[in-house]
$ cat query.txt   # compact mmCIF, C-alpha atoms (C1' of nucleotides)
# COMPACT_ATOMS: atom_id res chain seq x y z
CA MET N 250 -17.60 31.34 21.93
CA SER N 251 -14.37 32.44 20.37
CA THR N 252 -12.62 29.23 21.18
CA GLN N 253 -15.41 27.21 19.62
CA GLU N 254 -15.18 29.21 16.45
CA ARG N 255 -11.44 28.77 16.37
CA LYS N 256 -11.88 25.02 16.62
CA GLN N 257 -14.42 25.00 13.86
CA ARG N 258 -12.04 26.93 11.67
CA GLU N 259 -9.25 24.51 12.41
CA GLN N 260 -11.53 21.62 11.62
CA ALA N 261 -12.43 23.15 8.28
CA VAL N 262 -8.80 23.76 7.46
CA ARG N 263 -7.91 20.18 8.24
CA GLU N 264 -10.81 18.90 6.19
CA ARG N 265 -9.58 20.84 3.18
CA LEU N 266 -6.12 19.49 3.85
CA ILE N 267 -7.42 15.93 3.75
CA VAL N 268 -9.23 16.44 0.46
CA ALA N 269 -6.29 18.24 -1.14
CA THR N 270 -3.84 15.60 0.03
CA ALA N 271 -6.03 12.75 -1.16
CA ARG N 272 -6.35 14.37 -4.54
CA GLU N 273 -2.64 15.06 -4.79
CA LEU N 274 -1.78 11.50 -3.86
CA ALA N 275 -4.32 10.09 -6.29
CA GLU N 276 -3.04 12.32 -9.06
CA GLN N 277 0.53 11.23 -8.41
CA GLN N 278 0.10 7.50 -7.89
CA GLY N 279 -3.51 6.64 -8.64
CA TRP N 280 -6.41 6.06 -6.30
CA ASP N 281 -5.14 2.61 -5.36
CA ALA N 282 -2.27 4.32 -3.60
CA VAL N 283 -4.66 6.44 -1.55
CA THR N 284 -4.93 4.27 1.54
CA THR N 285 -6.16 5.59 4.83
CA ARG N 286 -2.75 4.94 6.35
CA ARG N 287 -0.79 6.78 3.71
CA LEU N 288 -3.26 9.62 3.70
CA ALA N 289 -3.11 9.91 7.48
CA GLU N 290 0.67 9.90 7.40
CA ARG N 291 0.77 12.68 4.82
CA ILE N 292 -1.48 14.97 6.80
CA GLU N 293 0.51 14.06 9.91
CA TYR N 294 -2.40 12.72 11.89
CA SER N 295 -3.45 9.22 12.79
CA GLN N 296 -5.93 7.21 10.74
CA PRO N 297 -9.00 7.68 12.97
CA VAL N 298 -8.87 11.43 12.46
CA LEU N 299 -10.03 10.86 8.89
CA TYR N 300 -13.18 9.26 10.21
CA SER N 301 -14.06 12.30 12.28
CA HIS N 302 -14.35 14.24 9.01
CA PHE N 303 -15.66 11.61 6.61
CA ARG N 304 -17.65 8.43 7.01
CA GLY N 305 -15.02 6.55 5.07
CA LYS N 306 -12.86 6.50 2.01
CA ARG N 307 -15.89 6.76 -0.25
CA GLU N 308 -16.83 10.15 1.13
CA ILE N 309 -13.30 11.40 0.60
CA ILE N 310 -13.53 10.37 -3.03
CA GLY N 311 -16.86 12.12 -3.20
CA ALA N 312 -15.37 15.31 -1.81
CA VAL N 313 -12.64 15.27 -4.45
CA ALA N 314 -15.29 14.66 -7.09
CA LEU N 315 -17.35 17.67 -6.05
CA GLN N 316 -14.31 19.91 -5.99
CA GLY N 317 -13.33 18.61 -9.42
CA ALA N 318 -16.78 19.11 -10.88
CA THR N 319 -16.60 22.81 -10.14
CA GLU N 320 -13.21 23.10 -11.79
CA MET N 321 -14.29 21.10 -14.78
CA ALA N 322 -17.33 23.29 -15.29
CA ALA N 323 -15.12 26.36 -15.12
CA ALA N 324 -12.65 24.89 -17.61
CA MET N 325 -15.40 24.11 -20.08
CA ARG N 326 -16.96 27.56 -19.76
CA ALA N 327 -13.58 29.20 -20.18
CA ALA N 328 -12.93 27.22 -23.35
CA THR N 329 -16.30 27.92 -24.93
CA SER N 330 -16.50 31.60 -24.05
CA ALA N 331 -13.63 32.35 -26.43
CA GLU N 332 -15.54 31.08 -29.44
CA ASP N 333 -18.28 32.82 -31.41
CA ASP N 334 -19.64 30.17 -33.72
CA PRO N 335 -21.86 27.55 -32.05
CA ARG N 336 -20.08 24.69 -33.76
CA ALA N 337 -16.65 26.06 -32.81
CA ARG N 338 -17.92 26.32 -29.26
CA VAL N 339 -18.84 22.66 -29.24
CA THR N 340 -15.47 21.68 -30.64
CA ALA N 341 -13.76 23.73 -27.96
CA LEU N 342 -16.03 22.15 -25.37
CA ALA N 343 -15.15 18.65 -26.49
CA ARG N 344 -11.44 19.41 -26.47
CA ALA N 345 -11.67 20.97 -23.03
CA TYR N 346 -13.55 17.96 -21.70
CA LEU N 347 -11.05 15.45 -23.05
CA ASP N 348 -8.15 17.61 -21.96
CA PHE N 349 -9.48 17.76 -18.45
CA ALA N 350 -9.97 14.00 -18.37
CA ALA N 351 -6.47 13.42 -19.68
CA HIS N 352 -4.75 15.81 -17.30
CA HIS N 353 -6.74 15.20 -14.13
CA HIS N 354 -6.96 11.44 -13.96
CA ALA N 355 -7.73 11.31 -10.27
CA VAL N 356 -10.49 13.85 -10.39
CA TYR N 357 -12.06 12.34 -13.47
CA ASP N 358 -12.02 8.90 -11.88
CA ALA N 359 -13.56 10.26 -8.71
CA LEU N 360 -16.28 11.90 -10.76
CA PHE N 361 -17.22 9.22 -13.22
CA GLN N 362 -15.41 5.99 -12.55
CA LEU N 363 -15.33 5.40 -8.81
CA ASP N 364 -18.02 5.22 -6.21
CA GLY N 365 -17.98 8.45 -4.27
CA GLY N 366 -21.41 7.86 -2.79
CA LEU N 367 -22.93 10.67 -4.83
CA THR N 368 -26.27 10.62 -6.58
CA TYR N 369 -26.50 11.65 -10.21
CA ALA N 370 -29.33 12.73 -12.46
CA GLN N 371 -31.69 13.22 -9.54
CA GLU N 372 -33.21 16.07 -7.54
CA ASP N 373 -30.81 15.58 -4.65
CA THR N 374 -27.79 15.61 -6.91
CA PRO N 375 -25.18 17.97 -5.45
CA GLU N 376 -25.06 21.42 -7.01
CA PRO N 377 -21.54 21.16 -8.51
CA LEU N 378 -22.54 18.09 -10.49
CA LYS N 379 -25.69 19.72 -11.78
CA ASP N 380 -23.67 22.76 -12.73
CA ALA N 381 -21.09 20.72 -14.64
CA PHE N 382 -23.90 19.16 -16.63
CA ALA N 383 -25.35 22.61 -17.14
CA ALA N 384 -22.01 23.83 -18.49
CA LEU N 385 -22.16 21.08 -21.08
CA MET N 386 -25.74 21.83 -21.98
CA GLU N 387 -25.15 25.56 -22.43
CA SER N 388 -23.09 24.98 -25.55
CA LEU N 389 -24.73 21.79 -26.70
CA SER N 390 -28.36 22.87 -26.70
CA GLU N 391 -27.49 25.27 -29.51
CA VAL N 392 -26.62 22.40 -31.82
CA ALA N 393 -29.12 19.77 -30.69
CA GLY N 394 -31.23 20.21 -33.79
CA ASP N 395 -34.96 20.70 -34.17
CA GLY N 396 -37.26 18.50 -32.19
CA VAL N 397 -34.48 17.01 -30.11
CA ASP N 398 -34.57 17.50 -26.37
CA PRO N 399 -31.44 19.45 -25.37
CA GLY N 400 -31.03 17.41 -22.19
CA LEU N 401 -31.15 14.15 -24.05
CA PHE N 402 -28.78 15.43 -26.70
CA THR N 403 -26.37 16.54 -23.99
CA GLU N 404 -26.52 13.10 -22.42
CA VAL N 405 -25.63 11.41 -25.69
CA PHE N 406 -22.85 13.83 -26.49
CA TRP N 407 -21.49 13.55 -22.99
CA ALA N 408 -21.58 9.77 -23.14
CA SER N 409 -19.57 9.85 -26.34
CA LEU N 410 -16.95 12.09 -24.79
CA HIS N 411 -16.87 9.91 -21.71
CA GLY N 412 -16.36 6.83 -23.85
CA LEU N 413 -13.50 8.43 -25.73
CA ALA N 414 -11.91 9.62 -22.50
CA THR N 415 -12.08 6.33 -20.64
CA LEU N 416 -11.21 4.05 -23.54
CA THR N 417 -8.22 6.18 -24.41
CA ARG N 418 -6.99 6.28 -20.86
CA ALA N 419 -7.40 2.53 -20.42
CA GLY N 420 -5.31 1.85 -23.49
CA ARG N 421 -8.30 0.64 -25.49
CA LEU N 422 -7.84 3.48 -27.98
CA LEU N 423 -4.52 4.80 -29.18
CA PRO N 424 -4.16 8.51 -28.46
CA GLU N 425 -2.73 9.30 -31.89
CA HIS N 426 -5.96 10.05 -33.67
CA ALA N 427 -7.68 11.77 -30.77
CA GLU N 428 -8.10 15.02 -32.63
CA VAL N 429 -9.58 13.36 -35.71
CA ARG N 430 -12.04 11.49 -33.54
CA VAL N 431 -13.21 14.70 -31.91
CA ARG N 432 -13.74 16.34 -35.29
CA LEU N 433 -15.70 13.37 -36.56
CA LEU N 434 -17.86 13.30 -33.46
CA VAL N 435 -18.65 17.00 -33.56
CA ASP N 436 -19.22 16.98 -37.32
CA ARG N 437 -21.81 14.25 -37.05
CA LEU N 438 -23.55 14.99 -33.78
CA ALA N 439 -23.73 18.77 -33.86
CA ILE N 440 -26.28 20.33 -36.17
CA ALA N 441 -25.07 23.83 -36.83
CA MET D 41 2.16 -41.29 -21.60
CA SER D 42 -1.49 -41.91 -21.01
CA THR D 43 -1.34 -40.77 -17.43
CA GLN D 44 0.35 -37.54 -18.42
CA GLU D 45 -2.36 -36.84 -20.93
CA ARG D 46 -5.02 -37.54 -18.35
CA LYS D 47 -3.41 -35.09 -15.98
CA GLN D 48 -3.27 -32.44 -18.67
CA ARG D 49 -6.95 -32.99 -19.36
CA GLU D 50 -7.78 -32.67 -15.69
CA GLN D 51 -5.76 -29.49 -15.51
CA ALA D 52 -7.66 -28.03 -18.44
CA VAL D 53 -10.97 -28.99 -16.88
CA ARG D 54 -10.05 -27.34 -13.63
CA GLU D 55 -8.88 -24.22 -15.40
CA ARG D 56 -12.22 -23.90 -17.14
CA LEU D 57 -13.90 -24.48 -13.81
CA ILE D 58 -11.97 -21.61 -12.26
CA VAL D 59 -12.90 -19.21 -15.05
CA ALA D 60 -16.54 -20.25 -15.07
CA THR D 61 -16.80 -19.98 -11.30
CA ALA D 62 -15.12 -16.59 -11.22
CA ARG D 63 -17.49 -15.33 -13.87
CA GLU D 64 -20.53 -16.75 -12.12
CA LEU D 65 -19.51 -15.24 -8.81
CA ALA D 66 -18.79 -11.88 -10.42
CA GLU D 67 -22.12 -11.92 -12.24
CA GLN D 68 -23.96 -12.70 -9.02
CA GLN D 69 -22.21 -10.39 -6.56
CA GLY D 70 -19.82 -8.21 -8.56
CA TRP D 71 -16.08 -8.49 -9.02
CA ASP D 72 -15.40 -7.17 -5.53
CA ALA D 73 -16.86 -10.38 -4.19
CA VAL D 74 -14.49 -12.46 -6.28
CA THR D 75 -11.73 -12.96 -3.75
CA THR D 76 -9.16 -15.69 -4.09
CA ARG D 77 -10.46 -17.28 -0.92
CA ARG D 78 -14.08 -17.38 -1.98
CA LEU D 79 -13.14 -18.56 -5.44
CA ALA D 80 -10.96 -21.32 -4.04
CA GLU D 81 -13.73 -22.40 -1.71
CA ARG D 82 -16.24 -22.61 -4.54
CA ILE D 83 -14.05 -24.79 -6.70
CA GLU D 84 -13.26 -26.85 -3.61
CA TYR D 85 -9.51 -26.38 -3.73
CA SER D 86 -7.16 -24.30 -1.67
CA GLN D 87 -6.08 -20.83 -2.69
CA PRO D 88 -2.62 -21.67 -4.03
CA VAL D 89 -4.14 -23.94 -6.68
CA LEU D 90 -5.38 -20.82 -8.42
CA TYR D 91 -1.82 -19.66 -8.79
CA SER D 92 -0.78 -22.83 -10.56
CA HIS D 93 -3.20 -21.88 -13.35
CA PHE D 94 -2.98 -18.10 -13.34
CA ARG D 95 -0.37 -15.59 -12.29
CA GLY D 96 -2.91 -13.83 -10.17
CA LYS D 97 -6.38 -12.39 -9.99
CA ARG D 98 -5.69 -10.15 -12.97
CA GLU D 99 -5.14 -13.08 -15.27
CA ILE D 100 -8.39 -14.65 -14.14
CA ILE D 101 -10.21 -11.45 -15.02
CA GLY D 102 -8.42 -11.51 -18.36
CA ALA D 103 -9.57 -15.06 -19.03
CA VAL D 104 -13.17 -14.09 -18.35
CA ALA D 105 -12.73 -11.10 -20.64
CA LEU D 106 -11.50 -13.22 -23.54
CA GLN D 107 -14.32 -15.69 -23.11
CA GLY D 108 -16.78 -12.81 -23.01
CA ALA D 109 -15.34 -11.12 -26.08
CA THR D 110 -16.12 -14.18 -28.17
CA GLU D 111 -19.69 -14.29 -26.91
CA MET D 112 -20.17 -10.60 -27.43
CA ALA D 113 -18.93 -10.81 -31.00
CA ALA D 114 -21.35 -13.68 -31.62
CA ALA D 115 -24.25 -11.76 -30.09
CA MET D 116 -23.57 -8.74 -32.27
CA ARG D 117 -23.26 -10.80 -35.43
CA ALA D 118 -26.47 -12.63 -34.62
CA ALA D 119 -28.31 -9.36 -34.14
CA THR D 120 -27.06 -7.76 -37.34
CA SER D 121 -27.47 -10.77 -39.60
CA ALA D 122 -31.24 -10.55 -39.27
CA GLU D 123 -31.34 -7.06 -40.81
CA ASP D 124 -31.10 -6.10 -44.46
CA ASP D 125 -30.76 -2.35 -44.43
CA PRO D 126 -27.35 -1.04 -43.38
CA ARG D 127 -28.86 1.50 -41.03
CA ALA D 128 -31.16 -1.08 -39.47
CA ARG D 129 -28.11 -3.28 -38.99
CA VAL D 130 -26.34 -0.53 -37.09
CA THR D 131 -29.36 0.05 -34.90
CA ALA D 132 -29.55 -3.65 -34.15
CA LEU D 133 -25.83 -3.65 -33.46
CA ALA D 134 -26.13 -0.79 -30.99
CA ARG D 135 -29.01 -2.44 -29.20
CA ALA D 136 -27.17 -5.74 -29.01
CA TYR D 137 -24.10 -4.02 -27.62
CA LEU D 138 -26.00 -2.18 -24.92
CA ASP D 139 -28.05 -5.26 -24.13
CA PHE D 140 -24.94 -7.31 -23.65
CA ALA D 141 -23.43 -4.68 -21.39
CA ALA D 142 -26.61 -4.47 -19.36
CA HIS D 143 -27.07 -8.20 -18.94
CA HIS D 144 -23.48 -9.31 -18.50
CA HIS D 145 -22.07 -6.82 -16.04
CA ALA D 146 -19.19 -8.99 -14.95
CA VAL D 147 -18.03 -9.80 -18.44
CA TYR D 148 -18.38 -6.23 -19.61
CA ASP D 149 -16.37 -4.98 -16.65
CA ALA D 150 -13.69 -7.58 -17.26
CA LEU D 151 -13.50 -6.49 -20.87
CA PHE D 152 -13.56 -2.73 -20.63
CA GLN D 153 -13.49 -1.53 -17.07
CA LEU D 154 -11.04 -3.67 -15.12
CA ASP D 155 -7.42 -4.47 -15.63
CA GLY D 156 -7.17 -7.98 -17.00
CA GLY D 157 -3.61 -7.55 -18.12
CA LEU D 158 -4.61 -7.62 -21.78
CA THR D 159 -3.27 -5.41 -24.54
CA TYR D 160 -5.69 -3.60 -26.81
CA ALA D 161 -5.37 -1.97 -30.20
CA GLN D 162 -1.99 -3.55 -30.83
CA GLU D 163 -0.49 -6.35 -32.90
CA ASP D 164 -0.26 -8.69 -29.92
CA THR D 165 -3.87 -8.10 -28.97
CA PRO D 166 -5.55 -11.46 -28.35
CA GLU D 167 -7.62 -12.79 -31.22
CA PRO D 168 -11.03 -12.67 -29.47
CA LEU D 169 -10.63 -8.97 -28.81
CA LYS D 170 -9.64 -8.25 -32.38
CA ASP D 171 -12.61 -10.28 -33.53
CA ALA D 172 -15.05 -8.39 -31.33
CA PHE D 173 -13.80 -5.14 -32.81
CA ALA D 174 -14.09 -6.71 -36.25
CA ALA D 175 -17.71 -7.62 -35.53
CA LEU D 176 -18.39 -3.98 -34.81
CA MET D 177 -16.57 -2.81 -37.90
CA GLU D 178 -18.40 -5.19 -40.23
CA SER D 179 -21.65 -3.33 -39.82
CA LEU D 180 -20.22 0.09 -39.13
CA SER D 181 -17.92 0.45 -42.11
CA GLU D 182 -21.01 0.47 -44.32
CA VAL D 183 -22.20 3.71 -42.76
CA ALA D 184 -18.92 5.46 -42.09
CA GLY D 185 -19.43 7.90 -44.91
CA ASP D 186 -17.12 8.94 -47.73
CA GLY D 187 -13.55 9.78 -46.88
CA VAL D 188 -13.85 8.54 -43.32
CA ASP D 189 -11.61 5.71 -42.21
CA PRO D 190 -13.84 2.79 -41.18
CA GLY D 191 -11.56 1.89 -38.29
CA LEU D 192 -11.66 5.39 -36.91
CA PHE D 193 -15.41 5.59 -37.35
CA THR D 194 -15.80 2.31 -35.54
CA GLU D 195 -13.69 3.61 -32.67
CA VAL D 196 -15.86 6.69 -32.29
CA PHE D 197 -19.10 4.76 -32.52
CA TRP D 198 -17.83 2.18 -30.10
CA ALA D 199 -16.73 4.87 -27.64
CA SER D 200 -20.20 6.37 -27.75
CA LEU D 201 -21.81 3.03 -27.02
CA HIS D 202 -19.31 2.40 -24.26
CA GLY D 203 -20.09 5.77 -22.72
CA LEU D 204 -23.81 5.10 -22.77
CA ALA D 205 -23.31 1.64 -21.30
CA THR D 206 -21.06 2.67 -18.44
CA LEU D 207 -22.81 5.91 -17.52
CA THR D 208 -26.16 4.16 -17.46
CA ARG D 209 -24.87 1.35 -15.33
CA ALA D 210 -23.18 3.69 -12.89
CA GLY D 211 -26.41 5.60 -12.36
CA ARG D 212 -25.11 8.64 -14.19
CA LEU D 213 -27.83 8.29 -16.83
CA LEU D 214 -31.38 7.21 -16.13
CA PRO D 215 -32.33 4.12 -18.14
CA GLU D 216 -35.71 5.48 -19.16
CA HIS D 217 -34.68 7.13 -22.40
CA ALA D 218 -32.16 4.51 -23.43
CA GLU D 219 -33.97 3.70 -26.64
CA VAL D 220 -34.31 7.33 -27.69
CA ARG D 221 -30.62 7.87 -27.07
CA VAL D 222 -29.73 4.95 -29.31
CA ARG D 223 -31.91 6.28 -32.09
CA LEU D 224 -30.40 9.73 -31.81
CA LEU D 225 -26.88 8.33 -31.86
CA VAL D 226 -27.49 6.13 -34.90
CA ASP D 227 -29.38 8.86 -36.74
CA ARG D 228 -26.53 11.29 -36.40
CA LEU D 229 -23.46 9.11 -36.65
CA ALA D 230 -24.50 6.65 -39.36
CA ILE D 231 -24.53 7.94 -42.91
CA ALA D 232 -26.87 5.66 -44.77
C1' DC I 229 -6.25 28.38 40.82
C1' DT I 230 -7.91 24.01 41.04
C1' DC I 231 -10.75 20.29 39.81
C1' DG I 232 -14.03 17.37 37.19
C1' DA I 233 -15.97 16.82 32.55
C1' DT I 234 -15.58 16.98 27.88
C1' DT I 235 -13.20 16.89 23.69
C1' DG I 236 -9.81 15.38 20.85
C1' DT I 237 -6.28 12.10 19.45
C1' DC I 238 -3.65 7.94 19.39
C1' DT I 239 -2.41 3.00 19.99
C1' DA I 240 -3.81 -1.37 19.10
C1' DG I 241 -6.63 -4.48 17.01
C1' DC I 242 -10.34 -6.75 13.90
C1' DA I 243 -11.56 -9.11 9.79
C1' DG I 244 -10.62 -9.01 5.37
C1' DT I 245 -7.42 -8.75 0.86
C1' DG I 246 -3.75 -10.89 -2.78
C1' DC I 247 -0.09 -13.80 -2.74
C1' DT I 248 3.74 -17.31 -1.28
C1' DA I 249 7.10 -20.36 1.31
C1' DG I 250 7.48 -24.84 3.16
C1' DG I 251 6.07 -29.15 4.58
C1' DA I 252 2.95 -33.21 3.99
C1' DT I 253 0.85 -36.47 0.99
C1' DC I 254 0.04 -39.19 -2.71
C1' DA I 255 0.92 -41.32 -7.17
C1' DG I 256 4.44 -43.30 -10.72
C1' DG I 257 8.00 -45.88 -12.39
C1' DT I 258 11.54 -49.15 -11.18
C1' DA H 108 8.29 -52.41 -1.68
C1' DC H 109 10.76 -48.54 -2.47
C1' DC H 110 12.25 -44.03 -3.84
C1' DT H 111 11.21 -39.80 -6.55
C1' DG H 112 8.76 -36.12 -8.04
C1' DA H 113 4.61 -33.82 -8.73
C1' DT H 114 0.53 -31.89 -6.23
C1' DC H 115 -1.75 -29.79 -2.80
C1' DC H 116 -2.60 -27.62 1.71
C1' DT H 117 -1.50 -25.19 6.06
C1' DA H 118 0.23 -21.24 7.75
C1' DG H 119 1.83 -16.90 7.23
C1' DC H 120 3.29 -12.25 5.11
C1' DA H 121 2.25 -7.43 4.37
C1' DC H 122 -1.33 -4.93 3.21
C1' DT H 123 -6.47 -2.95 3.18
C1' DG H 124 -10.70 -0.13 5.51
C1' DC H 125 -12.39 0.68 9.78
C1' DT H 126 -13.17 0.93 15.12
C1' DA H 127 -12.97 0.27 20.31
C1' DG H 128 -10.89 1.89 24.23
C1' DA H 129 -7.20 4.14 26.63
C1' DC H 130 -4.98 8.42 27.16
C1' DA H 131 -4.00 13.35 27.32
C1' DA H 132 -5.05 18.03 26.62
C1' DT H 133 -8.35 21.55 27.13
C1' DC H 134 -12.27 23.87 28.95
C1' DG H 135 -15.84 25.86 32.21
C1' DA H 136 -17.34 26.10 36.97
C1' DG H 137 -16.50 26.82 41.77

$ encode --input "query.txt" --output "structure tokens"
Amino acid sequence: MSTQERKQREQAVRERLIVATARELAEQQGWDAVTTRRLAERIEYSQPVLYSHFRGKREIIGAVALQGATEMAAAMRAATSAEDDPRARVTALARAYLDFAAHHHAVYDALFQLDGGLTYAQEDTPEPLKDAFAALMESLSEVAGDGVDPGLFTEVFWASLHGLATLTRAGRLLPEHAEVRVRLLVDRLAIA
Amino acid sequence: MSTQERKQREQAVRERLIVATARELAEQQGWDAVTTRRLAERIEYSQPVLYSHFRGKREIIGAVALQGATEMAAAMRAATSAEDDPRARVTALARAYLDFAAHHHAVYDALFQLDGGLTYAQEDTPEPLKDAFAALMESLSEVAGDGVDPGLFTEVFWASLHGLATLTRAGRLLPEHAEVRVRLLVDRLAIA
DNA sequence: CTCGATTGTCTAGCAGTGCTAGGATCAGGT
DNA sequence: ACCTGATCCTAGCACTGCTAGACAATCGAG
């Protein structure tokens, strides 16, 4: 019994190591640099070991995404909890979202840009993803306005943030006026 | 002289063929399926011929993007020209944008999702891209509101549309309430 | 304590990718 | 008819994700 448990523990440790290493590598050099060979080399095992933990590269991306979703939700809640006014909360939320996207490229890509084999906006959506959406909705439903479904409002607001984040990062928008854009977006969308 | 001109014409024809074929293939099976081998096979030349027209796959994507930008600008102008009211124009614009994104996956990806080696939001940005942004701004500057820079407003509105387009396409948003989302976005952002 | 079975891991390899060097082939001008 | 130069293709490089099969280490039973 004991030996089995020990092995399971070791397996779990190695699995975390794989995810952490993949994330680190992606954050340093982008997801393109995360090849199964490089990843295997970094964790000091051979390639096939990866496939005893994950079906393939996609699942590794998915694992990073789930881990990131939890952190992102926490970051947003931390940012909003410091504010009293509903509108100030939304501004803080937007800043926190864009900050996270700007500082955690790899995680953000895994979540929203790449195919991690996860399902979204469904019943079988993994809990961390639902919770991240919930973190958005907590602050946003306060400013949705009368007669507007909070979920729908959250979707629209989220999409706007996502657009700003991705277009900025891809060089389609210059980062100079980022703050002004956020203010404009919050001013117009949020009904205080 | 004449033979040189003929050769130049043939070159131009083949270049257009490459771009059209790449786009067609991407539209049918996604950009992942557009490999240099498959593309070469479809145009009935060997791989290296591609590299006598383009530096690499990136430039081919870029060529499709430029071609698509012109079409997208035309589609948006066509949609807005039929409306009189500024707000109705913006609604039509938003619908046209999202329609284009939904029906021309390959082109939209080449424009805004993939790396086509193009520069955006700069002086040396290719004309078609500037013009597509201009097409957006034409209708949007009317509803930017007092004291708000039309360019900045256009960026924010565009980012929101882009977010809706990409999140919907990636399965992050269910397409059911697309129309309601558009109405909400226009209602809040556009100041009539 | 030894022996077979099981588990775990690695080496080697597949089919595919973008891209390129070098040789063959064909057309043009003389 | 010849030489020259442009044009194109074959073959190959180093890489990708992924897997089959050999090998070794470990475990439980006798």

$ residues_around --input "query.txt" --residues "range 230-242 of chain I" --least-positions-apart "4" --cutoff "8 Å" --atoms "all atoms listed in the file" --output "VMD selection string"
(chain N and resid 295 298) or (chain H and resid 130 132 to 134)

$ write_last_selection --input "query.txt" --atoms "C-alpha atoms (C1' of nucleotides)" --output "mmCIF file, keeping the file's coordinate frame"
data_model
loop_
_atom_site.group_PDB
_atom_site.id
_atom_site.type_symbol
_atom_site.label_atom_id
_atom_site.label_comp_id
_atom_site.auth_asym_id
_atom_site.auth_seq_id
_atom_site.Cartn_x
_atom_site.Cartn_y
_atom_site.Cartn_z
ATOM 1 C CA SER N 295 -3.450 9.220 12.790
ATOM 2 C CA VAL N 298 -8.870 11.430 12.460
ATOM 3 C "C1'" DC H 130 -4.980 8.420 27.160
ATOM 4 C "C1'" DA H 132 -5.050 18.030 26.620
ATOM 5 C "C1'" DT H 133 -8.350 21.550 27.130
ATOM 6 C "C1'" DC H 134 -12.270 23.870 28.950
#

$ closest_atom_pairs --input "query.txt" --of "chain N" --to "chain H" --cutoff "9 Å" --atoms "only C-alpha atoms (C1' of nucleotides)" --output "CSV"
residue,atom,partner,partner_atom,distance
N:Thr284,CA,H:DT123,C1',7.6
N:Thr285,CA,H:DG124,C1',7.3
N:Pro297,CA,H:DT126,C1',8.2
N:Tyr300,CA,H:DC125,C1',8.6
N:Gly305,CA,H:DG124,C1',8.0
N:Lys306,CA,H:DG124,C1',7.8

$ atom_distance --input "query.txt" --atom1 "CA of Leu57 in chain D" --atom2 "CA of Arg421 in chain N"
28.3 Å

$ atom_distance --input "query.txt" --atom1 "CA of Lys379 in chain N" --atom2 "CA of Ile310 in chain N"
17.7 Å

$ atom_distance --input "query.txt" --atom1 "CA of Glu195 in chain D" --atom2 "CA of Leu213 in chain D"
21.7 Å

$ interface_residues --input "query.txt" --of "chain I" --to "chain D" --cutoff "12 Å" --atoms "only C-alpha atoms (C1' of nucleotides)" --output "ChimeraX atom specification"
/I:244-249,255-257

$ closest_atom_pairs --input "query.txt" --of "chain N" --to "chain D" --cutoff "6 Å" --atoms "all atoms listed in the file" --output "CSV"
residue,atom,partner,partner_atom,distance
N:Tyr369,CA,D:Arg212,CA,5.2
N:Ala408,CA,D:Gly203,CA,4.3
N:Ser409,CA,D:Ser200,CA,3.8
N:His411,CA,D:Gly203,CA,5.3
N:Gly412,CA,D:Gly203,CA,4.0
N:Leu413,CA,D:Ala199,CA,5.2
N:Arg421,CA,D:Tyr160,CA,5.2
N:Arg437,CA,D:Leu229,CA,5.4
N:Leu438,CA,D:Arg228,CA,5.4

$ residues_near_point --input "query.txt" --point "(-22.2, 27.0, -23.4)" --cutoff "9 Å" --atoms "all atoms listed in the file" --output "ChimeraX atom specification"
/N:325-326,329-330,335,338-339,342,383-391

$ write_last_selection --input "query.txt" --atoms "C-alpha atoms" --output "CSV table (one decimal), in the coordinates of the input"
chain,number,residue,atom,x,y,z
N,325,MET,CA,-15.4,24.1,-20.1
N,326,ARG,CA,-17.0,27.6,-19.8
N,329,THR,CA,-16.3,27.9,-24.9
N,330,SER,CA,-16.5,31.6,-24.0
N,335,PRO,CA,-21.9,27.6,-32.0
N,338,ARG,CA,-17.9,26.3,-29.3
N,339,VAL,CA,-18.8,22.7,-29.2
N,342,LEU,CA,-16.0,22.2,-25.4
N,383,ALA,CA,-25.4,22.6,-17.1
N,384,ALA,CA,-22.0,23.8,-18.5
N,385,LEU,CA,-22.2,21.1,-21.1
N,386,MET,CA,-25.7,21.8,-22.0
N,387,GLU,CA,-25.2,25.6,-22.4
N,388,SER,CA,-23.1,25.0,-25.6
N,389,LEU,CA,-24.7,21.8,-26.7
N,390,SER,CA,-28.4,22.9,-26.7
N,391,GLU,CA,-27.5,25.3,-29.5
